[in-house]
Amino acid sequence: DISPDRVVITSGGSGALLLVMGALLERDKKVLLADPGYPCNRNFALFVEGHAQSVAVDESTNYQLTSSLINEYWGDDTAMALVASPSNPTGTVLTKQELMALSAAIRAKNGHFIVDEIYHGLTYDDIDTPTVLAIDNEAFVINSFSKFFGMTGWRLGWLIVPDEYVSVMDRLAQNLFLSAPTMSQYAALAAFSVESLDILEERRQIFEQRRNSLLPALQSIGLDVKVRPQGAFYIYGDCSAFLNEQYPDSMALSKFWLQHAGVAATPGNDFGSYLANRHMRFAYTNDEQRLLEAVERISAIYK
């Protein structure tokens, strides 16, 4: 069980990220991040005059940091490592064993382990997705009402911290955003009702069905998805089959699809630099029929 005192209510997941960086990342110190990964993490590190050290990951590590990568890239100026499970943009999930290995490696370096669990609850294939706190009580956990609970515009998140950091986070929050909106906090209470949780489970099942339809459809037209996503609502794939002299990278390709097919996909350079020019992210946040129509539109412009 987690003491309520350790739960810091924040203005969205971004507020939690800002508190973590402000409390743990000293000037010129580094945070290890997976590349590709959520782009704002790098900016939060820069905001507090720290540095984000991107670590290239691919299908061989399930697009996640590993204990081996921690040992390889950790330096004297490294303070912390941040992972996301499920992840954006790849939708991959860390297992309990992988979390344990990461925790042990980071603890051996006397560093801080931060896990972004904002997509917890949105997992598929009946996989087990334990919180990192089940194996590491000293980890910092970021979460939000934006994804699983669908309350994006309400700007409400939370951060679970070790006991000794509660007062630190409180002082930082008072100076950065005071508190999360009171109206949002009261509204969020309804999210825990039995009726709401039933609706959210139905919504999760709909996301899973969308993934099950969109993934093979994208693969059928040439997108190379090297790891099957098991969480969040994204598909990240290699779009090399669509590249040519006129559209040599994913940025140019995304503009071409938008202009000629009316389809919006996110180019890989939004999420890092490693092989970014040949990767694209698709979000299955629209209804299934619309998603399949998007694939048909892309296919049609090549006929």
# chains A, B, ... in the order shown; residues from 1 in each chain; ligands from 1
call {"tool": "select_by_dssp", "arguments": {"residues": "range 112-246 of chain A", "states": "helix (DSSP H, G or I)", "output": "ChimeraX atom specification"}}
result
/A:132-134,152-154,163-176,182-192,194-220,240-242
call {"tool": "closest_atom_pairs", "arguments": {"of": "range 201-256 of chain A", "to": "range 56-74 of chain A", "cutoff": "10 Å", "atoms": "only C-alpha atoms", "output": "tab-separated table"}}
result
residue	atom	partner	partner_atom	distance
A:Val225	CA	A:Glu59	CA	9.4
A:Lys226	CA	A:Glu59	CA	6.1
A:Val227	CA	A:Glu59	CA	6.1
A:Arg228	CA	A:Asn62	CA	9.3
A:Pro229	CA	A:Asn62	CA	9.5
call {"tool": "write_last_selection", "arguments": {"atoms": "C-alpha atoms", "output": "compact mmCIF listing (two decimals), in the first residue's frame"}}
result
# COMPACT_ATOMS: atom_id res chain seq x y z
CA VAL A 225 6.01 -2.73 -37.75
CA LYS A 226 8.83 -4.60 -36.06
CA VAL A 227 7.24 -4.88 -32.59
CA ARG A 228 3.55 -5.46 -31.98
CA PRO A 229 2.31 -2.67 -29.67
call {"tool": "select_by_dssp", "arguments": {"residues": "range 158-282 of chain A", "states": "strand (DSSP E or B)", "output": "PyMOL selection string"}}
result
chain A and resi 158-160+224+231+234-238+266-267+279-282
call {"tool": "write_last_selection", "arguments": {"atoms": "N, CA and C atoms", "output": "PDB file, in the first residue's frame"}}
result
ATOM      1  N   TRP A 158      -0.826  13.006 -11.346  1.00  0.00           N
ATOM      2  CA  TRP A 158      -0.276  12.765 -10.020  1.00  0.00           C
ATOM      3  C   TRP A 158       1.128  12.182 -10.116  1.00  0.00           C
ATOM      4  N   LEU A 159       1.834  12.317  -9.026  1.00  0.00           N
ATOM      5  CA  LEU A 159       3.221  11.878  -8.923  1.00  0.00           C
ATOM      6  C   LEU A 159       3.381  11.170  -7.584  1.00  0.00           C
ATOM      7  N   ILE A 160       3.908   9.952  -7.610  1.00  0.00           N
ATOM      8  CA  ILE A 160       4.165   9.217  -6.373  1.00  0.00           C
ATOM      9  C   ILE A 160       5.663   9.239  -6.114  1.00  0.00           C
ATOM     10  N   ASP A 224       6.334  -1.359 -42.083  1.00  0.00           N
ATOM     11  CA  ASP A 224       7.051  -2.431 -41.390  1.00  0.00           C
ATOM     12  C   ASP A 224       7.020  -2.181 -39.889  1.00  0.00           C
ATOM     13  N   GLY A 231       0.246  -1.648 -25.773  1.00  0.00           N
ATOM     14  CA  GLY A 231      -0.303  -0.647 -24.875  1.00  0.00           C
ATOM     15  C   GLY A 231      -0.420   0.697 -25.557  1.00  0.00           C
ATOM     16  N   TYR A 234      -0.919   3.678 -30.043  1.00  0.00           N
ATOM     17  CA  TYR A 234      -0.040   4.053 -31.142  1.00  0.00           C
ATOM     18  C   TYR A 234       0.527   2.832 -31.859  1.00  0.00           C
ATOM     19  N   ILE A 235       0.828   3.038 -33.146  1.00  0.00           N
ATOM     20  CA  ILE A 235       1.575   2.067 -33.945  1.00  0.00           C
ATOM     21  C   ILE A 235       2.750   2.807 -34.556  1.00  0.00           C
ATOM     22  N   TYR A 236       3.951   2.293 -34.333  1.00  0.00           N
ATOM     23  CA  TYR A 236       5.178   2.936 -34.809  1.00  0.00           C
ATOM     24  C   TYR A 236       5.846   1.989 -35.795  1.00  0.00           C
ATOM     25  N   GLY A 237       6.048   2.474 -37.016  1.00  0.00           N
ATOM     26  CA  GLY A 237       6.564   1.566 -38.028  1.00  0.00           C
ATOM     27  C   GLY A 237       7.540   2.225 -38.982  1.00  0.00           C
ATOM     28  N   ASP A 238       8.289   1.373 -39.676  1.00  0.00           N
ATOM     29  CA  ASP A 238       9.258   1.797 -40.681  1.00  0.00           C
ATOM     30  C   ASP A 238       8.515   2.029 -41.999  1.00  0.00           C
ATOM     31  N   THR A 266       2.233  11.055 -37.776  1.00  0.00           N
ATOM     32  CA  THR A 266       3.303  11.843 -37.162  1.00  0.00           C
ATOM     33  C   THR A 266       4.671  11.303 -37.558  1.00  0.00           C
ATOM     34  N   PRO A 267       5.524  12.137 -38.158  1.00  0.00           N
ATOM     35  CA  PRO A 267       6.856  11.675 -38.567  1.00  0.00           C
ATOM     36  C   PRO A 267       7.744  11.371 -37.369  1.00  0.00           C
ATOM     37  N   HIS A 279      10.664   6.500 -40.015  1.00  0.00           N
ATOM     38  CA  HIS A 279       9.605   5.952 -39.162  1.00  0.00           C
ATOM     39  C   HIS A 279       8.437   6.916 -39.053  1.00  0.00           C
ATOM     40  N   MET A 280       7.267   6.341 -38.796  1.00  0.00           N
ATOM     41  CA  MET A 280       6.029   7.097 -38.698  1.00  0.00           C
ATOM     42  C   MET A 280       5.188   6.524 -37.556  1.00  0.00           C
ATOM     43  N   ARG A 281       4.486   7.431 -36.863  1.00  0.00           N
ATOM     44  CA  ARG A 281       3.576   6.984 -35.802  1.00  0.00           C
ATOM     45  C   ARG A 281       2.129   7.215 -36.218  1.00  0.00           C
ATOM     46  N   PHE A 282       1.313   6.192 -35.997  1.00  0.00           N
ATOM     47  CA  PHE A 282      -0.124   6.282 -36.237  1.00  0.00           C
ATOM     48  C   PHE A 282      -0.849   6.152 -34.898  1.00  0.00           C
TER      49      PHE A 282
END
call {"tool": "closest_residue", "arguments": {"among": "A:Leu178, A:Val31, A:Leu46, A:Val166", "to": "Gly15 in chain A", "atoms": "only C-alpha atoms"}}
result
A:Leu178
call {"tool": "residues_around", "arguments": {"residues": "range 125-138 of chain A", "least_positions_apart": "3", "cutoff": "7 Å", "atoms": "only C-alpha atoms", "output": "PDB file with N, CA and C atoms, in the first residue's frame"}}
result
ATOM      1  N   THR A  95       8.142  -5.550 -18.846  1.00  0.00           N
ATOM      2  CA  THR A  95       7.693  -6.635 -17.976  1.00  0.00           C
ATOM      3  C   THR A  95       8.198  -6.409 -16.552  1.00  0.00           C
ATOM      4  N   LYS A  96       7.678  -7.190 -15.625  1.00  0.00           N
ATOM      5  CA  LYS A  96       8.139  -7.096 -14.241  1.00  0.00           C
ATOM      6  C   LYS A  96       9.627  -7.399 -14.144  1.00  0.00           C
ATOM      7  N   LEU A  99      11.605  -4.403 -15.429  1.00  0.00           N
ATOM      8  CA  LEU A  99      11.591  -3.323 -14.446  1.00  0.00           C
ATOM      9  C   LEU A  99      12.537  -3.632 -13.290  1.00  0.00           C
ATOM     10  N   MET A 100      12.565  -4.867 -12.848  1.00  0.00           N
ATOM     11  CA  MET A 100      13.460  -5.267 -11.764  1.00  0.00           C
ATOM     12  C   MET A 100      14.915  -5.083 -12.167  1.00  0.00           C
ATOM     13  N   SER A 103      15.700  -1.342 -12.303  1.00  0.00           N
ATOM     14  CA  SER A 103      15.788  -0.808 -10.946  1.00  0.00           C
ATOM     15  C   SER A 103      17.119  -1.162 -10.298  1.00  0.00           C
ATOM     16  N   PRO A 162       9.101   8.987  -3.077  1.00  0.00           N
ATOM     17  CA  PRO A 162       9.525   8.484  -1.763  1.00  0.00           C
ATOM     18  C   PRO A 162       9.211   9.499  -0.666  1.00  0.00           C
ATOM     19  N   GLN A 230       1.557  -3.279 -27.463  1.00  0.00           N
ATOM     20  CA  GLN A 230       0.671  -3.917 -26.496  1.00  0.00           C
ATOM     21  C   GLN A 230       0.075  -2.938 -25.496  1.00  0.00           C
TER      22      GLN A 230
END
call {"tool": "atom_distance", "arguments": {"atom1": "CA of Ala173 in chain A", "atom2": "CA of Asp76 in chain A"}}
result
28.8 Å
call {"tool": "residues_around", "arguments": {"residues": "range 41-44 of chain A", "least_positions_apart": "4", "cutoff": "8 Å", "atoms": "only C-alpha atoms", "output": "PDB file with N, CA and C atoms, in the first residue's frame"}}
result
ATOM      1  N   LEU A  17       6.057  15.784 -14.521  1.00  0.00           N
ATOM      2  CA  LEU A  17       7.383  15.743 -15.144  1.00  0.00           C
ATOM      3  C   LEU A  17       8.219  16.944 -14.731  1.00  0.00           C
ATOM      4  N   LEU A  18       7.600  18.113 -14.692  1.00  0.00           N
ATOM      5  CA  LEU A  18       8.320  19.322 -14.310  1.00  0.00           C
ATOM      6  C   LEU A  18       8.813  19.235 -12.867  1.00  0.00           C
ATOM      7  N   MET A  21      11.842  16.743 -12.727  1.00  0.00           N
ATOM      8  CA  MET A  21      13.077  17.325 -13.270  1.00  0.00           C
ATOM      9  C   MET A  21      13.607  18.413 -12.341  1.00  0.00           C
ATOM     10  N   VAL A  48      15.298  22.981 -16.854  1.00  0.00           N
ATOM     11  CA  VAL A  48      15.954  23.086 -15.540  1.00  0.00           C
ATOM     12  C   VAL A  48      17.476  23.096 -15.684  1.00  0.00           C
ATOM     13  N   HIS A  51      20.533  18.070 -18.954  1.00  0.00           N
ATOM     14  CA  HIS A  51      20.730  17.547 -20.302  1.00  0.00           C
ATOM     15  C   HIS A  51      20.012  16.208 -20.454  1.00  0.00           C
ATOM     16  N   ALA A  52      19.366  16.045 -21.586  1.00  0.00           N
ATOM     17  CA  ALA A  52      18.741  14.769 -21.920  1.00  0.00           C
ATOM     18  C   ALA A  52      19.699  13.977 -22.795  1.00  0.00           C
TER      19      ALA A  52
END
call {"tool": "residues_around", "arguments": {"residues": "Gly272 in chain A", "least_positions_apart": "5", "cutoff": "9 Å", "atoms": "only C-alpha atoms", "output": "CSV table (one decimal) with N, CA and C atoms, in the first residue's frame"}}
result
chain,number,residue,atom,x,y,z
A,34,ALA,N,15.0,7.0,-23.7
A,34,ALA,CA,15.0,6.2,-24.9
A,34,ALA,C,14.7,7.1,-26.1
A,35,ASP,N,15.4,6.7,-27.2
A,35,ASP,CA,15.1,7.4,-28.5
A,35,ASP,C,14.8,6.3,-29.5
A,36,PRO,N,13.5,6.3,-29.9
A,36,PRO,CA,12.4,7.3,-29.8
A,36,PRO,C,11.7,7.3,-28.5
A,37,GLY,N,11.2,8.5,-28.2
A,37,GLY,CA,10.4,8.6,-26.9
A,37,GLY,C,9.6,9.9,-26.9
A,38,TYR,N,8.9,10.1,-25.9
A,38,TYR,CA,8.0,11.3,-25.8
A,38,TYR,C,8.9,12.6,-25.8
A,39,PRO,N,8.6,13.5,-26.8
A,39,PRO,CA,9.6,14.6,-27.0
A,39,PRO,C,9.7,15.6,-25.9
A,54,SER,N,19.9,11.0,-25.1
A,54,SER,CA,19.1,10.1,-25.8
A,54,SER,C,19.9,8.8,-26.1
A,56,ALA,N,19.7,5.3,-28.2
A,56,ALA,CA,19.1,4.7,-29.4
A,56,ALA,C,18.5,3.3,-29.0
